[in-house]
Amino acid sequence: MIIAGDIGGTKTNVALFEGGGAAAGDMSPVAQMSFPSAEYDSLEAILREFTVENPARLEAACFGVAGPVDSGRASITSLTWDVDGRSVAAALRLDRVNLINDLEATAYGLDALAPAQLYTLNEGHGRQEGHRALVAAGTGLGMAGIFRGGRGYHPIPSEGGHIDFAPRNEREDALLRHVRALIGGRVSYERVLSGPGLVSIHSFLAETEFKGVRPSVDESVEEASKAAAISAAALGRECPVSSAALDMFVEIYGAFAGDIALVFKSAGGLYVGGGIAPKILEKLRDGTFMRAFTDKGRMSFITESTPVRVVLDDKTALYGAALCALGRRA
């Protein structure tokens with residue numbers, strides 16, 4: 001038996017897998033639980049609760065963490081607690097555990113997915129063999145390169161979601177100034193392409209282009225629920241401010257994803273993961289994302305030929321962490 005986890009700023013998913021049967025294309029957990037991350041003070045506290053409910057003799061463990069991992073320790077960008085691999089191993093009575101970035105875990109899990117667990121935004125064309133790339137907006141913004149070599153694909157961990165936000169026009173210039181004023185400093189892509197980022201875009205538009213228009217989502221909504229409320233209002237066509245905010249969010253998301261496709265020349269595919277994409281799939285399908293994705297001037301022929309797929313299964317990082325724990329590659 002192995003234990004795998006996906007530790008995010010909003011929720012932590014933990015699952016047990018049978019080591020002999022966990023293989024790409026057949027990844028069904030024996031037991032799985034989800035925990036609200038902020039309600040716990042450590043990963044060990046979550047694992048104590050999980051193992052009491054699901055006792056098992058463990059052989060290996062791997063956890064994908066939403067933050068940088070270095071020398072067996074990980075800082076979680078959106079939480080107040082860190083993860084120490086030695087402490088987690090002791091809590092599980094194992095000699096060691098593997099800690100990897102959560103997007104690295106998702107990348108390992110991609111080939112464990114069936115076609116029904118992916119939605120294709122762009123089929124692409126030409127020779128589709130080569131590297132892949134993964135972007136994922138949720139509580140934060142993650143990305144990973146996926147190197148093709150040898151017998152398969154090899155994820156490259158990255159903190160590229162924290163690179164400088166690069167506006168493409170005067171409207172986005174104004175958004176940059178707005179967000180800079182809100183946070184009092186440097187603006188990364190994560191400050192725009194994330195749940196909190198959607199809230200910032202909404203406030204920007206409410207104060208500028210829709211000044212005087214009362215949005216359906218206002219300060220009465222709890223901060224943690226605002227992004228979901230904005231998306232719901234936009235998809236339900238209930239609020240012009242929310243609709244414009246989601247339009248702008250998806251356009252910037254497409255442009256960022258296209259940039260990452262150029263960085264890795266990802267002929268093998270650009271994958272869109274994270275918690276937000278499946279919830280706004282209707283909007284991703286309307287062409288806004290792909291127009292921005294392919295709008296790369298002289299290099300547009302590369303992005304036009306790149307397959308683009310949305311990851312629909314929110315357990316993909318769990319599958320990847322399980323494969324990593326087994327020492328296998330998806």
# chains A, B, ... in the order shown; residues from 1 in each chain; ligands from 1

$ select_by_dssp --residues "region 18-209 of chain A" --states "strand (DSSP E)" --output "ChimeraX atom specification"
/A:31-36,60-65,69-70,73-75,82-84,98-101,118-122,132-137,141-149,152-157

$ write_last_selection --atoms "C-alpha atoms" --output "PDB file, in the first residue's frame"
ATOM      1  CA  ALA A  31      -9.537   5.199  -0.075  1.00  0.00           C
ATOM      2  CA  GLN A  32      -9.559   8.956  -0.558  1.00  0.00           C
ATOM      3  CA  MET A  33     -10.391  11.958   1.628  1.00  0.00           C
ATOM      4  CA  SER A  34     -10.339  15.721   1.112  1.00  0.00           C
ATOM      5  CA  PHE A  35      -9.443  18.216   3.844  1.00  0.00           C
ATOM      6  CA  PRO A  36      -9.783  22.035   3.998  1.00  0.00           C
ATOM      7  CA  ALA A  60       5.890   4.272   0.254  1.00  0.00           C
ATOM      8  CA  ALA A  61       4.555   7.817   0.098  1.00  0.00           C
ATOM      9  CA  CYS A  62       4.686  10.851  -2.151  1.00  0.00           C
ATOM     10  CA  PHE A  63       3.073  14.275  -1.785  1.00  0.00           C
ATOM     11  CA  GLY A  64       2.639  17.013  -4.342  1.00  0.00           C
ATOM     12  CA  VAL A  65       2.931  20.416  -2.668  1.00  0.00           C
ATOM     13  CA  VAL A  69      10.425  22.030  -2.777  1.00  0.00           C
ATOM     14  CA  ASP A  70      14.070  22.009  -1.718  1.00  0.00           C
ATOM     15  CA  ARG A  73      11.247  20.661   2.644  1.00  0.00           C
ATOM     16  CA  ALA A  74       8.433  22.593   1.018  1.00  0.00           C
ATOM     17  CA  SER A  75       6.935  26.022   1.534  1.00  0.00           C
ATOM     18  CA  ASP A  82       5.413  24.231   5.683  1.00  0.00           C
ATOM     19  CA  VAL A  83       6.086  20.561   5.017  1.00  0.00           C
ATOM     20  CA  ASP A  84       9.177  18.739   6.290  1.00  0.00           C
ATOM     21  CA  ASN A  98       8.960  11.950  -1.598  1.00  0.00           C
ATOM     22  CA  LEU A  99       7.981  15.615  -1.768  1.00  0.00           C
ATOM     23  CA  ILE A 100       7.473  17.118  -5.214  1.00  0.00           C
ATOM     24  CA  ASN A 101       5.815  20.239  -6.571  1.00  0.00           C
ATOM     25  CA  LEU A 118      -9.519  15.604 -20.889  1.00  0.00           C
ATOM     26  CA  TYR A 119     -11.230  18.220 -23.042  1.00  0.00           C
ATOM     27  CA  THR A 120      -9.492  19.299 -26.242  1.00  0.00           C
ATOM     28  CA  LEU A 121      -9.590  23.030 -27.014  1.00  0.00           C
ATOM     29  CA  ASN A 122      -7.252  22.718 -29.993  1.00  0.00           C
ATOM     30  CA  ARG A 132       4.737  19.176 -23.218  1.00  0.00           C
ATOM     31  CA  ALA A 133       3.853  21.977 -20.837  1.00  0.00           C
ATOM     32  CA  LEU A 134       1.310  22.382 -18.068  1.00  0.00           C
ATOM     33  CA  VAL A 135      -0.306  25.512 -16.605  1.00  0.00           C
ATOM     34  CA  ALA A 136      -2.787  25.514 -13.745  1.00  0.00           C
ATOM     35  CA  ALA A 137      -4.695  28.372 -12.151  1.00  0.00           C
ATOM     36  CA  LEU A 141      -0.828  29.709 -10.441  1.00  0.00           C
ATOM     37  CA  GLY A 142       1.446  26.785 -11.216  1.00  0.00           C
ATOM     38  CA  MET A 143       3.284  25.557 -14.267  1.00  0.00           C
ATOM     39  CA  ALA A 144       5.671  22.807 -15.283  1.00  0.00           C
ATOM     40  CA  GLY A 145       7.637  21.770 -18.316  1.00  0.00           C
ATOM     41  CA  ILE A 146       7.452  18.117 -19.377  1.00  0.00           C
ATOM     42  CA  PHE A 147      10.593  16.945 -21.168  1.00  0.00           C
ATOM     43  CA  ARG A 148      10.259  14.129 -23.695  1.00  0.00           C
ATOM     44  CA  GLY A 149      13.244  11.847 -23.694  1.00  0.00           C
ATOM     45  CA  GLY A 152       8.737   8.720 -21.676  1.00  0.00           C
ATOM     46  CA  TYR A 153       8.019  12.156 -20.279  1.00  0.00           C
ATOM     47  CA  HIS A 154       9.914  13.772 -17.428  1.00  0.00           C
ATOM     48  CA  PRO A 155       8.387  16.734 -15.529  1.00  0.00           C
ATOM     49  CA  ILE A 156      10.489  19.819 -14.875  1.00  0.00           C
ATOM     50  CA  PRO A 157       9.366  21.584 -11.667  1.00  0.00           C
TER      51      PRO A 157
END

$ residues_around --residues "Cys239 (chain A)" --least-positions-apart "6" --cutoff "8 Å" --atoms "only C-alpha atoms" --output "PyMOL selection string"
chain A and resi 215-216+233

$ residues_around --residues "Gly126 (chain A)" --least-positions-apart "5" --cutoff "10 Å" --atoms "only C-alpha atoms" --output "list of chain:residue names"
A:Ala267, A:Ile302, A:Glu304, A:Ser305, A:Thr306

$ closest_atom_pairs --of "region 100-177 of chain A" --to "region 192-209 of chain A" --cutoff "9 Å" --atoms "only C-alpha atoms" --output "Markdown table"
| residue | atom | partner | partner_atom | distance |
| --- | --- | --- | --- | --- |
| A:Ala136 | CA | A:Ser194 | CA | 8.8 |
| A:Ala137 | CA | A:Ser194 | CA | 5.1 |
| A:Gly138 | CA | A:Ser194 | CA | 5.1 |
| A:Thr139 | CA | A:Gly195 | CA | 5.3 |
| A:Gly140 | CA | A:Ser194 | CA | 5.0 |
| A:Leu141 | CA | A:Ser194 | CA | 5.8 |
| A:Gly161 | CA | A:Leu193 | CA | 8.6 |
| A:Phe165 | CA | A:Val192 | CA | 7.8 |
| A:Ala174 | CA | A:Phe204 | CA | 8.5 |
| A:Leu175 | CA | A:Phe204 | CA | 6.5 |
| A:Leu176 | CA | A:Val192 | CA | 8.8 |

$ closest_atom_pairs --of "region 294-321 of chain A" --to "region 103-113 of chain A" --cutoff "10 Å" --atoms "only C-alpha atoms" --output "JSON lines"
{"residue": "A:Val311", "atom": "CA", "partner": "A:Leu110", "partner_atom": "CA", "distance": 8.2}
{"residue": "A:Leu312", "atom": "CA", "partner": "A:Leu113", "partner_atom": "CA", "distance": 9.4}
{"residue": "A:Asp313", "atom": "CA", "partner": "A:Leu113", "partner_atom": "CA", "distance": 8.0}
{"residue": "A:Asp314", "atom": "CA", "partner": "A:Thr106", "partner_atom": "CA", "distance": 9.4}
{"residue": "A:Lys315", "atom": "CA", "partner": "A:Thr106", "partner_atom": "CA", "distance": 8.5}
{"residue": "A:Thr316", "atom": "CA", "partner": "A:Gly109", "partner_atom": "CA", "distance": 5.2}
{"residue": "A:Ala317", "atom": "CA", "partner": "A:Thr106", "partner_atom": "CA", "distance": 3.9}
{"residue": "A:Leu318", "atom": "CA", "partner": "A:Ala105", "partner_atom": "CA", "distance": 7.1}
{"residue": "A:Tyr319", "atom": "CA", "partner": "A:Gly109", "partner_atom": "CA", "distance": 5.1}
{"residue": "A:Gly320", "atom": "CA", "partner": "A:Gly109", "partner_atom": "CA", "distance": 3.6}
{"residue": "A:Ala321", "atom": "CA", "partner": "A:Ala105", "partner_atom": "CA", "distance": 5.1}

$ write_last_selection --atoms "C-alpha atoms" --output "mmCIF file, in the first residue's frame"
data_model
loop_
_atom_site.group_PDB
_atom_site.id
_atom_site.type_symbol
_atom_site.label_atom_id
_atom_site.label_comp_id
_atom_site.auth_asym_id
_atom_site.auth_seq_id
_atom_site.Cartn_x
_atom_site.Cartn_y
_atom_site.Cartn_z
ATOM 1 C CA VAL A 311 -7.547 18.443 -17.453
ATOM 2 C CA LEU A 312 -11.009 17.643 -16.079
ATOM 3 C CA ASP A 313 -10.066 15.210 -13.288
ATOM 4 C CA ASP A 314 -9.132 17.004 -10.061
ATOM 5 C CA LYS A 315 -7.333 13.882 -8.807
ATOM 6 C CA THR A 316 -4.654 13.960 -11.516
ATOM 7 C CA ALA A 317 -1.991 15.172 -9.068
ATOM 8 C CA LEU A 318 -2.900 12.276 -6.768
ATOM 9 C CA TYR A 319 -2.425 9.791 -9.598
ATOM 10 C CA GLY A 320 0.920 11.357 -10.427
ATOM 11 C CA ALA A 321 2.090 11.355 -6.813
#

$ residues_around --residues "Asp286 (chain A)" --least-positions-apart "4" --cutoff "12 Å" --atoms "only C-alpha atoms" --output "ChimeraX atom specification"
/A:121-122,235,247,250-251,280-282,290-292

$ write_last_selection --atoms "C-alpha atoms" --output "mmCIF file, in the first residue's frame"
data_model
loop_
_atom_site.group_PDB
_atom_site.id
_atom_site.type_symbol
_atom_site.label_atom_id
_atom_site.label_comp_id
_atom_site.auth_asym_id
_atom_site.auth_seq_id
_atom_site.Cartn_x
_atom_site.Cartn_y
_atom_site.Cartn_z
ATOM 1 C CA LEU A 121 -9.590 23.030 -27.014
ATOM 2 C CA ASN A 122 -7.252 22.718 -29.993
ATOM 3 C CA LEU A 235 -21.511 32.079 -16.708
ATOM 4 C CA ASP A 247 -13.556 37.513 -20.256
ATOM 5 C CA VAL A 250 -9.590 33.975 -19.769
ATOM 6 C CA GLU A 251 -7.906 36.205 -22.340
ATOM 7 C CA ILE A 280 -15.302 27.632 -16.497
ATOM 8 C CA LEU A 281 -15.037 25.140 -19.361
ATOM 9 C CA GLU A 282 -18.027 26.762 -21.076
ATOM 10 C CA MET A 290 -7.478 30.147 -28.008
ATOM 11 C CA ARG A 291 -7.442 33.524 -29.787
ATOM 12 C CA ALA A 292 -5.069 34.858 -27.126
#

$ closest_residue --among "A:Arg186, A:Leu270, A:Val217, A:Thr77" --to "Pro240 (chain A)" --atoms "only C-alpha atoms"
A:Val217
